[in-house]
>>> print(open('my_file33.cif').read())   # mmCIF, C-alpha atoms
data_coords
#
loop_
_atom_site.group_PDB
_atom_site.id
_atom_site.type_symbol
_atom_site.label_atom_id
_atom_site.label_comp_id
_atom_site.auth_asym_id
_atom_site.auth_seq_id
_atom_site.Cartn_x
_atom_site.Cartn_y
_atom_site.Cartn_z
ATOM 1 C CA MET A 1 31.661 -2.525 16.982
ATOM 2 C CA ILE A 2 32.069 -6.249 16.474
ATOM 3 C CA GLU A 3 34.844 -7.730 14.407
ATOM 4 C CA THR A 4 34.251 -11.196 13.009
ATOM 5 C CA THR A 5 36.686 -13.359 11.120
ATOM 6 C CA ILE A 6 35.056 -15.650 8.629
ATOM 7 C CA THR A 7 37.113 -18.565 7.391
ATOM 8 C CA LEU A 8 35.969 -20.525 4.398
ATOM 9 C CA ARG A 9 37.909 -23.345 2.802
ATOM 10 C CA LYS A 10 36.997 -23.725 -0.828
ATOM 11 C CA LEU A 11 38.123 -26.298 -3.344
ATOM 12 C CA THR A 12 37.817 -25.525 -7.052
ATOM 13 C CA ALA A 13 37.991 -28.174 -9.753
ATOM 14 C CA SER A 14 40.465 -27.632 -12.550
ATOM 15 C CA ALA A 15 39.124 -26.955 -16.045
ATOM 16 C CA GLY A 16 37.246 -29.889 -17.554
ATOM 17 C CA HIS A 17 36.921 -31.627 -14.188
ATOM 18 C CA ILE A 18 34.464 -32.046 -11.355
ATOM 19 C CA LEU A 19 35.130 -32.685 -7.692
ATOM 20 C CA THR A 20 33.587 -35.648 -5.917
ATOM 21 C CA ASN A 21 33.746 -37.357 -2.550
ATOM 22 C CA GLY A 22 32.138 -40.440 -4.036
ATOM 23 C CA ASP A 23 28.578 -39.378 -3.295
ATOM 24 C CA VAL A 24 28.321 -35.714 -4.188
ATOM 25 C CA TYR A 25 29.666 -33.706 -7.107
ATOM 26 C CA GLY A 26 30.581 -30.062 -7.584
ATOM 27 C CA LYS A 27 32.715 -27.635 -9.552
ATOM 28 C CA GLU A 28 33.447 -25.925 -6.256
ATOM 29 C CA VAL A 29 33.139 -27.140 -2.718
ATOM 30 C CA TYR A 30 32.945 -25.149 0.505
ATOM 31 C CA LEU A 31 34.296 -27.550 3.091
ATOM 32 C CA GLY A 32 32.575 -28.263 6.367
ATOM 33 C CA VAL A 33 34.690 -27.797 9.474
ATOM 34 C CA ASN A 34 35.381 -31.543 9.725
ATOM 35 C CA ASP A 35 35.796 -32.070 5.981
ATOM 36 C CA SER A 36 39.120 -31.926 4.183
ATOM 37 C CA ALA A 37 40.551 -31.792 0.689
ATOM 38 C CA GLU A 38 41.741 -35.378 1.143
ATOM 39 C CA ASN A 39 38.120 -36.521 1.006
ATOM 40 C CA TRP A 40 37.672 -35.073 -2.478
ATOM 41 C CA ARG A 41 39.127 -36.022 -5.858
ATOM 42 C CA GLU A 42 38.739 -34.815 -9.416
ATOM 43 C CA ILE A 43 37.052 -36.689 -12.228
ATOM 44 C CA THR A 44 36.638 -35.507 -15.791
ATOM 45 C CA ASP A 45 33.446 -33.900 -17.022
ATOM 46 C CA ALA A 46 33.003 -36.883 -19.361
ATOM 47 C CA GLU A 47 33.248 -39.332 -16.469
ATOM 48 C CA TYR A 48 30.670 -37.291 -14.558
ATOM 49 C CA ALA A 49 28.313 -37.236 -17.553
ATOM 50 C CA GLU A 50 28.553 -41.035 -17.701
ATOM 51 C CA ILE A 51 27.749 -41.323 -14.002
ATOM 52 C CA VAL A 52 24.702 -39.075 -14.393
ATOM 53 C CA LYS A 53 23.544 -41.126 -17.378
ATOM 54 C CA GLU A 54 23.816 -44.360 -15.387
ATOM 55 C CA GLN A 55 21.972 -42.838 -12.433
ATOM 56 C CA ASN A 56 19.132 -41.650 -14.689
ATOM 57 C CA GLU A 57 18.873 -45.053 -16.336
ATOM 58 C CA SER A 58 18.692 -46.882 -13.029
ATOM 59 C CA ALA A 59 16.110 -44.373 -11.735
ATOM 60 C CA ASP A 60 13.938 -44.991 -14.808
ATOM 61 C CA GLU A 61 14.023 -48.717 -14.063
ATOM 62 C CA MET B 1 -51.618 -18.596 -6.275
ATOM 63 C CA SER B 2 -52.815 -19.263 -9.808
ATOM 64 C CA VAL B 3 -51.308 -21.992 -11.915
ATOM 65 C CA ALA B 4 -49.587 -19.345 -14.016
ATOM 66 C CA GLU B 5 -48.101 -17.741 -10.920
ATOM 67 C CA LYS B 6 -46.945 -21.125 -9.667
ATOM 68 C CA LEU B 7 -45.324 -21.910 -12.995
ATOM 69 C CA THR B 8 -43.626 -18.521 -12.955
ATOM 70 C CA ALA B 9 -42.321 -19.153 -9.428
ATOM 71 C CA VAL B 10 -41.019 -22.555 -10.516
ATOM 72 C CA ALA B 11 -39.264 -21.040 -13.512
ATOM 73 C CA GLU B 12 -37.744 -18.281 -11.398
ATOM 74 C CA ASN B 13 -36.439 -20.816 -8.884
ATOM 75 C CA MET B 14 -35.065 -23.222 -11.475
ATOM 76 C CA PRO B 15 -31.528 -21.761 -11.379
ATOM 77 C CA LYS B 16 -31.454 -21.959 -7.548
ATOM 78 C CA VAL B 17 -32.739 -25.515 -7.621
ATOM 79 C CA PHE B 18 -30.214 -26.424 -10.300
ATOM 80 C CA GLU B 19 -27.339 -24.940 -8.293
ATOM 81 C CA ALA B 20 -28.537 -26.671 -5.132
ATOM 82 C CA GLY B 21 -28.663 -29.921 -7.038
ATOM 83 C CA LYS B 22 -25.149 -29.365 -8.367
ATOM 84 C CA ASP B 23 -23.854 -28.595 -4.879
ATOM 85 C CA ALA B 24 -25.514 -31.696 -3.471
ATOM 86 C CA GLU B 25 -23.949 -33.854 -6.180
ATOM 87 C CA HIS B 26 -20.583 -32.142 -5.693
ATOM 88 C CA ASN B 27 -20.656 -32.833 -1.947
ATOM 89 C CA ALA B 28 -21.847 -36.390 -2.509
ATOM 90 C CA PHE B 29 -18.961 -36.993 -4.911
ATOM 91 C CA TRP B 30 -16.334 -35.709 -2.493
ATOM 92 C CA ASP B 31 -17.907 -37.587 0.429
ATOM 93 C CA SER B 32 -17.690 -40.746 -1.610
ATOM 94 C CA PHE B 33 -14.235 -40.050 -3.042
ATOM 95 C CA VAL B 34 -12.360 -39.079 0.112
ATOM 96 C CA GLY B 35 -14.672 -40.115 2.940
ATOM 97 C CA ASN B 36 -13.925 -37.988 5.985
ATOM 98 C CA GLY B 37 -10.753 -36.687 4.356
ATOM 99 C CA THR B 38 -8.302 -38.844 6.316
ATOM 100 C CA LEU B 39 -6.813 -41.194 3.764
ATOM 101 C CA SER B 40 -4.633 -44.172 4.579
ATOM 102 C CA TYR B 41 -4.055 -44.968 0.910
ATOM 103 C CA ALA B 42 -3.875 -42.108 -1.561
ATOM 104 C CA THR B 43 -1.521 -43.460 -4.223
ATOM 105 C CA TYR B 44 -2.117 -41.547 -7.481
ATOM 106 C CA LEU B 45 -5.408 -40.260 -6.029
ATOM 107 C CA PHE B 46 -5.406 -36.949 -7.916
ATOM 108 C CA ALA B 47 -3.004 -37.919 -10.673
ATOM 109 C CA GLY B 48 -3.602 -37.141 -14.297
ATOM 110 C CA GLY B 49 -4.625 -34.270 -16.506
ATOM 111 C CA GLY B 50 -8.290 -34.481 -15.519
ATOM 112 C CA TRP B 51 -7.489 -32.780 -12.243
ATOM 113 C CA SER B 52 -7.396 -29.026 -12.652
ATOM 114 C CA SER B 53 -8.374 -25.966 -10.627
ATOM 115 C CA ARG B 54 -11.890 -26.488 -12.018
ATOM 116 C CA THR B 55 -12.261 -30.113 -10.935
ATOM 117 C CA PHE B 56 -10.123 -30.235 -7.815
ATOM 118 C CA ARG B 57 -12.625 -28.670 -5.408
ATOM 119 C CA PRO B 58 -12.384 -30.709 -2.170
ATOM 120 C CA THR B 59 -14.970 -30.120 0.515
ATOM 121 C CA LYS B 60 -12.908 -31.233 3.473
ATOM 122 C CA ASN B 61 -9.361 -31.215 4.784
ATOM 123 C CA LEU B 62 -7.190 -33.872 3.167
ATOM 124 C CA ILE B 63 -4.973 -35.700 5.646
ATOM 125 C CA PHE B 64 -2.776 -38.498 4.377
ATOM 126 C CA THR B 65 -1.792 -41.186 6.860
ATOM 127 C CA GLY B 66 -0.334 -43.715 4.428
ATOM 128 C CA SER B 67 1.133 -43.731 0.957
ATOM 129 C CA ALA B 68 0.572 -40.614 -1.112
ATOM 130 C CA MET B 69 2.858 -41.779 -3.905
ATOM 131 C CA GLY B 70 2.058 -40.011 -7.174
ATOM 132 C CA LEU B 71 -0.678 -38.035 -5.378
ATOM 133 C CA PHE B 72 -0.917 -35.226 -7.941
ATOM 134 C CA ARG B 73 1.381 -36.691 -10.566
ATOM 135 C CA GLU B 74 0.859 -35.120 -13.991
ATOM 136 C CA SER B 75 -2.143 -33.135 -12.796
ATOM 137 C CA ASN B 76 -3.171 -29.882 -14.464
ATOM 138 C CA ILE B 77 -3.462 -27.800 -11.300
ATOM 139 C CA ALA B 78 -1.324 -24.661 -11.549
ATOM 140 C CA ASN B 79 -2.000 -23.081 -8.182
ATOM 141 C CA LEU B 80 -2.736 -25.755 -5.612
ATOM 142 C CA LYS B 81 -2.365 -23.210 -2.841
ATOM 143 C CA GLU B 82 -5.151 -21.064 -4.281
ATOM 144 C CA CYS B 83 -7.355 -24.111 -4.942
ATOM 145 C CA LEU B 84 -7.154 -25.206 -1.338
ATOM 146 C CA ASP B 85 -7.611 -21.683 0.033
ATOM 147 C CA SER B 86 -10.691 -21.064 -2.119
ATOM 148 C CA CYS B 87 -12.203 -24.331 -0.884
ATOM 149 C CA GLY B 88 -11.306 -23.501 2.711
ATOM 150 C CA VAL B 89 -9.430 -26.766 3.199
ATOM 151 C CA ILE B 90 -5.875 -27.818 3.965
ATOM 152 C CA LEU B 91 -3.594 -30.523 2.643
ATOM 153 C CA ASP B 92 -1.687 -32.319 5.384
ATOM 154 C CA THR B 93 1.128 -34.587 4.220
ATOM 155 C CA SER B 94 2.908 -34.757 7.584
ATOM 156 C CA GLN B 95 1.838 -38.373 8.114
ATOM 157 C CA ALA B 96 2.186 -39.491 4.504
ATOM 158 C CA THR B 97 4.574 -42.439 4.361
ATOM 159 C CA SER B 98 5.457 -41.923 0.720
ATOM 160 C CA LEU B 99 5.677 -38.770 -1.346
ATOM 161 C CA ASN B 100 7.439 -40.381 -4.317
ATOM 162 C CA TYR B 101 6.373 -38.417 -7.421
ATOM 163 C CA ALA B 102 3.611 -36.737 -5.348
ATOM 164 C CA PHE B 103 3.839 -33.399 -7.172
ATOM 165 C CA ALA B 104 5.934 -34.448 -10.165
ATOM 166 C CA TYR B 105 5.527 -33.929 -13.896
ATOM 167 C CA GLY B 106 2.470 -31.690 -13.505
ATOM 168 C CA ARG B 107 1.729 -28.040 -14.119
ATOM 169 C CA PHE B 108 2.161 -26.832 -10.559
ATOM 170 C CA LYS B 109 3.434 -23.315 -10.088
ATOM 171 C CA TYR B 110 2.405 -22.738 -6.490
ATOM 172 C CA LEU B 111 2.275 -25.266 -3.689
ATOM 173 C CA PRO B 112 1.254 -24.851 -0.047
ATOM 174 C CA LYS B 113 3.244 -26.361 2.796
ATOM 175 C CA VAL B 114 4.442 -29.870 2.013
ATOM 176 C CA SER B 115 5.545 -31.831 5.037
ATOM 177 C CA MET B 116 7.926 -34.726 4.520
ATOM 178 C CA LEU B 117 8.021 -35.613 8.206
ATOM 179 C CA SER B 118 6.906 -39.222 7.740
ATOM 180 C CA ALA B 119 8.024 -39.889 4.158
ATOM 181 C CA LYS B 120 11.621 -40.741 5.190
ATOM 182 C CA SER B 121 13.386 -42.056 2.071
ATOM 183 C CA ASN B 122 10.209 -42.117 -0.013
ATOM 184 C CA THR B 123 10.805 -38.708 -1.540
ATOM 185 C CA GLN B 124 11.917 -39.734 -5.021
ATOM 186 C CA SER B 125 11.141 -37.009 -7.536
ATOM 187 C CA THR B 126 8.590 -35.476 -5.160
ATOM 188 C CA PHE B 127 8.616 -32.157 -7.022
ATOM 189 C CA GLY B 128 10.823 -32.953 -9.968
ATOM 190 C CA GLY B 129 10.559 -32.924 -13.698
ATOM 191 C CA THR B 130 12.572 -34.597 -16.431
ATOM 192 C CA SER B 131 15.229 -33.570 -18.908
ATOM 193 C CA SER B 132 12.550 -33.233 -21.582
ATOM 194 C CA SER B 133 9.944 -31.638 -19.354
ATOM 195 C CA ALA B 134 11.261 -29.410 -16.606
ATOM 196 C CA ALA B 135 9.109 -28.849 -13.557
ATOM 197 C CA THR B 136 7.030 -25.652 -13.728
ATOM 198 C CA LEU B 137 7.150 -25.099 -9.978
ATOM 199 C CA ILE B 138 7.863 -21.533 -8.849
ATOM 200 C CA TRP B 139 6.844 -21.421 -5.211
ATOM 201 C CA ILE B 140 6.473 -23.792 -2.271
ATOM 202 C CA ASP B 141 5.263 -22.146 0.917
ATOM 203 C CA GLU B 142 7.198 -24.504 3.142
ATOM 204 C CA VAL B 143 9.043 -27.812 2.877
ATOM 205 C CA GLU B 144 9.093 -29.449 6.273
ATOM 206 C CA VAL B 145 11.764 -32.108 6.711
ATOM 207 C CA ALA B 146 12.576 -34.550 9.468
ATOM 208 C CA GLU B 147 15.937 -35.893 10.581
ATOM 209 C CA THR B 148 14.925 -39.115 8.872
ATOM 210 C CA SER B 149 14.141 -37.411 5.551
ATOM 211 C CA THR B 150 16.388 -38.388 2.663
ATOM 212 C CA PHE B 151 16.133 -37.060 -0.862
ATOM 213 C CA SER B 152 16.399 -38.778 -4.208
ATOM 214 C CA LYS B 153 15.969 -36.481 -7.187
ATOM 215 C CA SER B 154 13.320 -34.659 -5.133
ATOM 216 C CA PHE B 155 14.005 -31.327 -6.802
ATOM 217 C CA ASP B 156 15.498 -32.470 -10.110
ATOM 218 C CA TYR B 157 14.759 -30.094 -13.005
ATOM 219 C CA CYS B 158 12.962 -27.590 -10.736
ATOM 220 C CA THR B 159 14.526 -24.901 -12.892
ATOM 221 C CA ASP B 160 11.870 -22.240 -12.224
ATOM 222 C CA LEU B 161 11.770 -22.658 -8.457
ATOM 223 C CA GLU B 162 12.229 -19.269 -6.788
ATOM 224 C CA HIS B 163 11.032 -19.827 -3.273
ATOM 225 C CA ALA B 164 10.910 -22.775 -0.886
ATOM 226 C CA ILE B 165 11.285 -22.205 2.829
ATOM 227 C CA PHE B 166 12.747 -25.245 4.534
ATOM 228 C CA THR B 167 11.804 -26.013 8.122
ATOM 229 C CA GLY B 168 12.501 -28.858 10.512
ATOM 230 C CA VAL B 169 15.933 -30.435 10.756
ATOM 231 C CA LEU B 170 18.058 -31.637 7.874
ATOM 232 C CA ALA B 171 20.321 -34.466 8.985
ATOM 233 C CA THR B 172 21.019 -36.470 5.843
ATOM 234 C CA ASN B 173 23.013 -36.231 2.658
ATOM 235 C CA GLY B 174 21.550 -35.793 -0.750
ATOM 236 C CA LEU B 175 19.592 -32.546 -0.816
ATOM 237 C CA ASP B 176 20.352 -31.399 -4.342
ATOM 238 C CA LEU B 177 19.025 -28.029 -5.405
ATOM 239 C CA HIS B 178 21.517 -27.286 -8.161
ATOM 240 C CA TRP B 179 18.729 -27.260 -10.753
ATOM 241 C CA SER B 180 17.072 -24.346 -8.958
ATOM 242 C CA THR B 181 19.194 -21.384 -9.988
ATOM 243 C CA LYS B 182 16.524 -18.802 -9.111
ATOM 244 C CA LEU B 183 16.113 -19.570 -5.417
ATOM 245 C CA ASP B 184 15.834 -16.430 -3.329
ATOM 246 C CA VAL B 185 18.069 -15.562 -0.399
ATOM 247 C CA GLU B 186 15.350 -16.292 2.150
ATOM 248 C CA SER B 187 15.024 -19.849 0.843
ATOM 249 C CA LEU B 188 18.768 -20.452 0.762
ATOM 250 C CA GLU B 189 19.229 -19.118 4.268
ATOM 251 C CA SER B 190 16.395 -21.349 5.498
ATOM 252 C CA ILE B 191 18.413 -24.342 4.339
ATOM 253 C CA VAL B 192 21.421 -23.255 6.372
ATOM 254 C CA ASN B 193 19.163 -22.599 9.352
ATOM 255 C CA ILE B 194 17.820 -26.141 9.445
ATOM 256 C CA LEU B 195 21.129 -27.942 9.027
ATOM 257 C CA GLN B 196 21.669 -30.233 11.962
ATOM 258 C CA ASP B 197 24.523 -28.935 14.091
ATOM 259 C CA ARG B 198 26.696 -32.007 13.854
ATOM 260 C CA VAL B 199 29.600 -30.359 15.655
ATOM 261 C CA ALA B 200 27.506 -29.416 18.671
ATOM 262 C CA LEU B 201 26.132 -32.967 18.751
ATOM 263 C CA GLY B 202 29.615 -34.452 18.559
ATOM 264 C CA LEU B 203 28.842 -36.298 15.321
ATOM 265 C CA SER B 204 31.720 -37.321 13.114
ATOM 266 C CA GLY B 205 31.719 -37.121 9.350
ATOM 267 C CA THR B 206 30.417 -34.406 7.071
ATOM 268 C CA LEU B 207 27.134 -34.106 5.228
ATOM 269 C CA THR B 208 26.595 -32.140 2.056
ATOM 270 C CA VAL B 209 24.049 -30.013 0.263
ATOM 271 C CA THR B 210 24.364 -29.221 -3.448
ATOM 272 C CA ILE B 211 23.378 -25.826 -4.837
ATOM 273 C CA SER B 212 23.969 -23.893 -8.059
ATOM 274 C CA PRO B 213 26.662 -21.234 -8.645
ATOM 275 C CA GLU B 214 23.853 -18.648 -8.771
ATOM 276 C CA SER B 215 22.635 -19.726 -5.340
ATOM 277 C CA SER B 216 26.169 -19.743 -4.014
ATOM 278 C CA ALA B 217 26.620 -16.147 -5.134
ATOM 279 C CA LYS B 218 23.495 -15.128 -3.202
ATOM 280 C CA LEU B 219 24.477 -16.916 -0.012
ATOM 281 C CA SER B 220 26.725 -14.736 2.109
ATOM 282 C CA ASP B 221 30.128 -15.911 3.298
ATOM 283 C CA ALA B 222 28.781 -15.666 6.834
ATOM 284 C CA LYS B 223 25.988 -18.108 6.030
ATOM 285 C CA LYS B 224 28.392 -20.437 4.263
ATOM 286 C CA ALA B 225 30.655 -20.288 7.301
ATOM 287 C CA GLU B 226 27.682 -21.052 9.546
ATOM 288 C CA ALA B 227 26.994 -24.197 7.542
ATOM 289 C CA SER B 228 30.662 -25.145 7.688
ATOM 290 C CA GLN B 229 30.771 -24.676 11.457
ATOM 291 C CA LYS B 230 27.787 -27.014 11.758
ATOM 292 C CA GLY B 231 29.759 -29.706 9.936
ATOM 293 C CA TRP B 232 28.237 -29.314 6.474
ATOM 294 C CA THR B 233 29.911 -28.988 3.102
ATOM 295 C CA PHE B 234 28.269 -27.110 0.231
ATOM 296 C CA ALA B 235 28.930 -28.510 -3.231
ATOM 297 C CA ILE B 236 28.419 -26.018 -6.044
ATOM 298 C CA LEU B 237 27.335 -27.670 -9.283
#
>>> encode(input="my_file33.cif", output="structure tokens")
Amino acid sequence: MIETTITLRKLTASAGHILTNGDVYGKEVYLGVNDSAENWREITDAEYAEIVKEQNESADE
Amino acid sequence: MSVAEKLTAVAENMPKVFEAGKDAEHNAFWDSFVGNGTLSYATYLFAGGGWSSRTFRPTKNLIFTGSAMGLFRESNIANLKECLDSCGVILDTSQATSLNYAFAYGRFKYLPKVSMLSAKSNTQSTFGGTSSSAATLIWIDEVEVAETSTFSKSFDYCTDLEHAIFTGVLATNGLDLHWSTKLDVESLESIVNILQDRVALGLSGTLTVTISPESSAKLSDAKKAEASQKGWTFAIL
């Protein structure tokens, strides 16, 4: 029999918000072993929608 | 043989002669169009609605050694895998220096192996669709990536994608599969398997992969932990 302990650190955005580290966005984040909550902040869903809109517009150009 | 018999023989052989003529013209076209099949410039080569399973009938292996940007963009081929198999040829993109829009905005449902080994950052919208026209892609046999591969909207709007086995080594940020909510467990686990082990290599910093909540639910905690231990963060969007 083998016993394994699995440790996951998960961040969850509060309602109406999205997490970001400046490059990547998510409603939840499973942190890598060298990542930390300090690297992530919350933005509003509206702010995220604006960012996506700007990214799509610059991609179309 | 009498004249009548000769005329009868001619008439009976007409279909064979016609087919032979068609085959000769078909081969001549493909010889002219792709030469020996090794193409150093294949930008938009098979792009457009005129290319379908009826017209895309290559006679030799297609090996791309330069740009293959827009290669099959907006084509009408549904099952490229079947097309190639029925023609007995392969598509080799491992040396293609650009795969921007290579399989985008078309009617693809099934793709064979697509190697991004040499495309580096030229993978914009390789398989993707748009907000008004989602990609129809369901299956990719294999997506081969290199440590130098980066992704920019490569899988955007691939909402029907169920299967894509990733091979190689993923060592960059930006792989975003959150559009693909139907990915199977085998595909998701293949992503974890190819994540560069940054911890073992003593690399600082964390890289990320983005997946959907549906994919996250399918990926076991053990697999998520494996990714974490390799120095990768999963963002769920």
>>> resolve_selection(input="my_file33.cif", expression="the PyMOL selection byres ((chain A) within 9 of (chain B))", output="list of chain:residue names")
A:Ile6, A:Thr7, A:Leu8, A:Arg9, A:Ile18, A:Leu19, A:Thr20, A:Asp23, A:Val24, A:Tyr25, A:Gly26, A:Lys27, A:Glu28, A:Val29, A:Tyr30, A:Leu31, A:Gly32, A:Val33, A:Asn34, A:Asp35
>>> write_last_selection(input="my_file33.cif", atoms="C-alpha atoms", output="mmCIF file, in the frame of the given file")
data_model
loop_
_atom_site.group_PDB
_atom_site.id
_atom_site.type_symbol
_atom_site.label_atom_id
_atom_site.label_comp_id
_atom_site.auth_asym_id
_atom_site.auth_seq_id
_atom_site.Cartn_x
_atom_site.Cartn_y
_atom_site.Cartn_z
ATOM 1 C CA ILE A 6 35.056 -15.650 8.629
ATOM 2 C CA THR A 7 37.113 -18.565 7.391
ATOM 3 C CA LEU A 8 35.969 -20.525 4.398
ATOM 4 C CA ARG A 9 37.909 -23.345 2.802
ATOM 5 C CA ILE A 18 34.464 -32.046 -11.355
ATOM 6 C CA LEU A 19 35.130 -32.685 -7.692
ATOM 7 C CA THR A 20 33.587 -35.648 -5.917
ATOM 8 C CA ASP A 23 28.578 -39.378 -3.295
ATOM 9 C CA VAL A 24 28.321 -35.714 -4.188
ATOM 10 C CA TYR A 25 29.666 -33.706 -7.107
ATOM 11 C CA GLY A 26 30.581 -30.062 -7.584
ATOM 12 C CA LYS A 27 32.715 -27.635 -9.552
ATOM 13 C CA GLU A 28 33.447 -25.925 -6.256
ATOM 14 C CA VAL A 29 33.139 -27.140 -2.718
ATOM 15 C CA TYR A 30 32.945 -25.149 0.505
ATOM 16 C CA LEU A 31 34.296 -27.550 3.091
ATOM 17 C CA GLY A 32 32.575 -28.263 6.367
ATOM 18 C CA VAL A 33 34.690 -27.797 9.474
ATOM 19 C CA ASN A 34 35.381 -31.543 9.725
ATOM 20 C CA ASP A 35 35.796 -32.070 5.981
#
>>> atom_distance(input="my_file33.cif", atom1="atom CA of Val145 of chain B", atom2="atom CA of Ser187 of chain B")
14.0 Å
>>> axis_aligned_box(input="my_file33.cif", around="segment 200-218 of chain B", padding_each_side="4 Å", output="lines of an AutoDock Vina configuration file")
center_x = 27.2
center_y = -26.2
center_z = 5.0
size_x = 17.1
size_y = 30.2
size_z = 35.5
>>> residues_around(input="my_file33.cif", residues="Thr65 of chain B", least_positions_apart="4", cutoff="6 Å", atoms="all atoms listed in the file", output="NGL selection string")
:B and (39-40 or 95-96)
>>> atom_distance(input="my_file33.cif", atom1="atom CA of Ala104 of chain B", atom2="atom CA of Gly48 of chain B")
10.7 Å
>>> closest_residue(input="my_file33.cif", among="B:Leu99, B:Ile77, B:Ile191, B:Cys83", to="Phe64 of chain B", atoms="all atoms listed in the file")
B:Leu99
>>> resolve_selection(input="my_file33.cif", expression="the PyMOL selection byres ((chain B and resi 80-82) around 9)", output="MDAnalysis selection string")
chainID B and resid 53 56 77:79 83:87 90 108:113 140:141
>>> closest_residue(input="my_file33.cif", among="B:Ser75, B:Asp23, B:Phe29, B:Gln196", to="Thr136 of chain B", atoms="only C-alpha atoms")
B:Ser75
>>> atom_distance(input="my_file33.cif", atom1="atom CA of Thr93 of chain B", atom2="atom CA of Val114 of chain B")
6.2 Å
>>> resolve_selection(input="my_file33.cif", expression="the PyMOL selection byres ((chain B and resi 120) around 9)", output="MDAnalysis selection string")
chainID B and resid 97:98 116:119 121:123 145:151
>>> closest_residue(input="my_file33.cif", among="A:Ile51, A:Asn56, A:Asn21, A:Gly16", to="Ala37 of chain A", atoms="all atoms listed in the file")
A:Asn21
>>> decode(input="my_file33.cif", residues="segment 2-57 of chain A", atoms="C-alpha atoms", output="short mmCIF file (atom, residue, chain, number, x, y, z; two decimals), in the first residue's frame")
data_model
loop_
_atom_site.label_atom_id
_atom_site.label_comp_id
_atom_site.auth_asym_id
_atom_site.auth_seq_id
_atom_site.Cartn_x
_atom_site.Cartn_y
_atom_site.Cartn_z
CA ILE A 2 1.32 3.43 -0.89
CA GLU A 3 0.13 6.57 0.81
CA THR A 4 0.58 9.80 -1.11
CA THR A 5 -0.12 13.30 0.09
CA ILE A 6 -1.16 15.66 -2.64
CA THR A 7 -0.91 19.35 -1.90
CA LEU A 8 -2.57 21.84 -4.18
CA ARG A 9 -2.68 25.57 -3.58
CA LYS A 10 -5.65 27.11 -5.29
CA LEU A 11 -6.67 30.74 -5.56
CA THR A 12 -10.28 31.60 -6.35
CA ALA A 13 -11.39 35.01 -7.57
CA SER A 14 -14.18 36.70 -5.67
CA ALA A 15 -17.53 37.16 -7.41
CA GLY A 16 -17.39 39.53 -10.38
CA HIS A 17 -13.60 39.37 -10.54
CA ILE A 18 -10.83 37.57 -12.37
CA LEU A 19 -7.33 36.76 -11.21
CA THR A 20 -4.31 37.84 -13.21
CA ASN A 21 -0.54 37.84 -12.91
CA GLY A 22 -0.32 40.42 -15.67
CA ASP A 23 -0.07 37.91 -18.49
CA VAL A 24 -2.60 35.19 -17.76
CA TYR A 25 -6.16 35.31 -16.48
CA GLY A 26 -8.35 32.87 -14.59
CA LYS A 27 -11.31 32.52 -12.25
CA GLU A 28 -9.25 29.96 -10.37
CA VAL A 29 -5.56 29.31 -10.32
CA TYR A 30 -3.68 26.20 -9.22
CA LEU A 31 -0.30 27.55 -8.19
CA GLY A 32 2.97 26.07 -9.34
CA VAL A 33 5.41 25.13 -6.60
CA ASN A 34 7.40 28.35 -7.08
CA ASP A 35 4.35 30.56 -7.62
CA SER A 36 2.60 32.46 -4.86
CA ALA A 37 -0.57 34.40 -4.20
CA GLU A 38 1.50 37.58 -4.12
CA ASN A 39 2.04 37.24 -7.86
CA TRP A 40 -1.69 37.40 -8.54
CA ARG A 41 -4.25 40.18 -8.17
CA GLU A 42 -7.94 40.59 -8.88
CA ILE A 43 -9.46 42.73 -11.60
CA THR A 44 -13.14 43.15 -12.34
CA ASP A 45 -14.89 41.18 -15.05
CA ALA A 46 -15.50 44.48 -16.87
CA GLU A 47 -11.80 45.32 -16.82
CA TYR A 48 -11.01 41.86 -18.18
CA ALA A 49 -13.60 42.24 -20.96
CA GLU A 50 -11.91 45.51 -21.96
CA ILE A 51 -8.51 43.85 -22.04
CA VAL A 52 -9.83 41.04 -24.24
CA LYS A 53 -11.43 43.59 -26.57
CA GLU A 54 -8.15 45.48 -26.92
CA GLN A 55 -6.22 42.26 -27.55
CA ASN A 56 -8.68 41.21 -30.28
CA GLU A 57 -8.49 44.63 -31.92
#
